[in-house]
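*Asks:* A single structure is presented below for examination.
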Amino acid sequence: MEAARREGRLVVQPRMGMSSPTAMRSGLLATRDARACTVGTLTVDSYTRVGALQAARQALADGVGLNGYPLVTHPRTTTREVLDGVEGPRFPVQVRHGSACPQDIMRALVAAGLHATEGGPVSYCLPYSRTPLREAVTNWSHACDLLLHARDGGVEPHLETFGGCMMGQLCPPSLLVALSVLEGLFFAQHGVRSVSLSYAQQTHPQQDEEALRALDRLARTLIPDVERHLVLYAYMGVFPRTPEGARGLLEDAARLAVRTGAARLIVKTTAEAHRIPTVEENVRALEAADRAAADEAAAVRPAASAPDTGIHAEASALVGAVLDLSPDLTVALPRAFQRGYLDVPYCLHPDNAQRSRGSIDAEGRLRWAAIGSMPLGGLVEITEAPRMTSGDLLRALAHVEQRYDRPVLDRSPTPPAAIAGSGIPPHPTKDGERLASHS
């Protein structure tokens, strides 16, 4: 990452995981050899994520393909063969997993000679699991200790917080920024000296610029003594269904990363709305993002900064309220959710208060529609609005997809029925009906 920074390159990274060691190795080689500045990804399967290791073993024994690489189940020698001659200082491989109970995964990745992974006690608990938050925090405390054993091999382990990607969408940026900083600080408190702080592209580019700059500013203040960088995720909600729309959204993410100093971008592909992408589609996405980033870096633009709409102030208030509960985040994080100081919109986990709501305003910005008990009084203006219906929610979820697909479909000479026949559904009268039919 430091080498890429010195070269002025944006690092681009795919989501990728296959159960076959041969296919996994081929995917990593294709990523490494793409015409872009890349790092590799080894994403584990769903059985491993939830600790159902016997089910993973049975699937492998039966020859059933999994939706990721069963890192804990494959022998460490097999994983080392996958990585041999591929992973190295100029091409690190990050393990991605989604687990609230990641101890076995940490042991397996360190044993295989890997040292980079991601997640967090909140961000890999609330969206993906019904594990009690206190238990997830304890699990992640142990997981950090296990990851530090990578130092025995002479490397510094790296942890990326997933906190800036909570629920993927309809979460106002200040909470994403706060959670990203809090999880990064949690890692630092547990001895991790190399971290990355995440943020997911949302609904409005200027708002995203402001959020990323707020994230960097807070991290400099609160986590000053660790090696760190920002990582941006291409939009994680309903993705455009036309190839042109999907490509446009990805390219905008790459440009956003360059403008805000994010060092790494997690890409999505033109197949994202329809199925799991192939390795070739991932490579094309990596190369498209790299080209867009290079074009943005070379462009001569007048100096400009995103207007201050209060994201930094809101995020600071949230982080401060949590740290006031206890300087030890192992204690403070569960307590903050118990009291509703942190409250993720539309998240159904039992430990989430479920009193906050986000909405998209007329300008396309994410706003707070309800703040519950979060300490944002005086910082957030809540206007009385009709209660959100299921149709309203579906339309909000489709907002970004519509913005990128609609211009493409409006100028397409292809009749809607033919578009549908090609795998791209037509736009009916009501957005919510179409989204519901494909959910």
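Chain labels run A, B, ... following the order of the structure tokens; each chain numbers its residues from 1, and ligands are numbered from 1 in the order shown.
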Taking the DSSP assignment computed from this structure's backbone, write out as an MDAnalysis selection string all residues of stretch 287-349 of chain A that belong to alpha helix (DSSP H).

*Replies:* chainID A and resid 287:298 311:325 329:339

*Asks:* Please identify which residues in stretch 57-280 of chain A DSSP calls strand (DSSP E or B) from the backbone, and express them as a ChimeraX atom specification.

*Replies:* /A:69,88,91,93-96,116-119,158-161,194-200,227-233,264-266

*Asks:* Between A:His312, A:Leu126, A:Phe239, A:Gly391, which is the closest to A:Ala353 once you count only C-alpha atoms?

*Replies:* A:Leu126

*Asks:* Mind giving me the straight-line distance from atom CA of A:Gln54 to atom CA of A:Gly40 in Å, one decimal?

*Replies:* 27.3 Å

*Asks:* Rounded to one decimal in Å, what is the spacing between atom CA of A:Glu381 and atom CA of A:Ala219?

*Replies:* 26.0 Å

*Asks:* Leaving out A:His399 and any residue of its chain fewer than 5 positions from it, which residues lie within 10 Å of it when counting only C-alpha atoms, given as a list of chain:residue names?

*Replies:*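 The neighbour list is A:Thr203, A:Gly237, A:Val238, A:Phe239, A:Pro240, A:Ile360, A:Gly364, A:Leu393, A:Leu394, A:Tyr404, A:Asp431.
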
*Asks:* What would the file look like if the residues just selected were written as a short mmCIF file (atom, residue, chain, number, x, y, z; two decimals), in the first residue's frame with N, CA, C and O atoms?

*Replies:*
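Produced file out07.cif, reproduced below:
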```cif
data_model
loop_
_atom_site.label_atom_id
_atom_site.label_comp_id
_atom_site.auth_asym_id
_atom_site.auth_seq_id
_atom_site.Cartn_x
_atom_site.Cartn_y
_atom_site.Cartn_z
N THR A 203 -25.15 7.76 -1.67
CA THR A 203 -26.10 8.24 -2.68
C THR A 203 -25.74 9.59 -3.29
O THR A 203 -26.37 9.99 -4.28
N GLY A 237 -25.40 -1.24 -2.33
CA GLY A 237 -26.84 -1.47 -2.41
C GLY A 237 -27.24 -2.07 -3.74
O GLY A 237 -26.45 -2.73 -4.42
N VAL A 238 -28.50 -1.85 -4.12
CA VAL A 238 -29.03 -2.38 -5.39
C VAL A 238 -28.21 -1.77 -6.53
O VAL A 238 -28.18 -0.55 -6.71
N PHE A 239 -27.55 -2.61 -7.29
CA PHE A 239 -26.60 -2.14 -8.30
C PHE A 239 -27.32 -1.97 -9.64
O PHE A 239 -28.30 -2.67 -9.93
N PRO A 240 -26.85 -1.02 -10.47
CA PRO A 240 -27.44 -0.86 -11.80
C PRO A 240 -27.45 -2.17 -12.57
O PRO A 240 -26.52 -2.97 -12.49
N ILE A 360 -33.58 9.54 2.02
CA ILE A 360 -32.90 10.27 0.96
C ILE A 360 -33.70 11.53 0.66
O ILE A 360 -34.91 11.46 0.40
N GLY A 364 -30.81 13.99 -3.08
CA GLY A 364 -30.15 12.69 -3.14
C GLY A 364 -29.21 12.42 -1.98
O GLY A 364 -28.48 11.43 -1.98
N LEU A 393 -39.60 2.60 1.12
CA LEU A 393 -38.31 1.97 1.39
C LEU A 393 -37.73 1.35 0.13
O LEU A 393 -36.55 1.51 -0.19
N LEU A 394 -38.56 0.65 -0.63
CA LEU A 394 -38.08 0.02 -1.86
C LEU A 394 -37.61 1.06 -2.87
O LEU A 394 -36.61 0.88 -3.57
N TYR A 404 -28.48 5.63 -12.36
CA TYR A 404 -27.49 5.22 -13.36
C TYR A 404 -28.11 4.44 -14.52
O TYR A 404 -27.59 4.49 -15.63
N ASP A 431 -41.26 1.67 -9.26
CA ASP A 431 -39.95 1.11 -8.97
C ASP A 431 -40.04 -0.01 -7.95
O ASP A 431 -39.36 -1.02 -8.05
#
```

*Asks:* Smallest atom-to-atom distance to A:Leu53: which of A:Ser412, A:Thr38, A:Thr22, A:Thr73, using only C-alpha atoms?

*Replies:*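 That would be A:Thr73, the residue with the smallest distance to A:Leu53.
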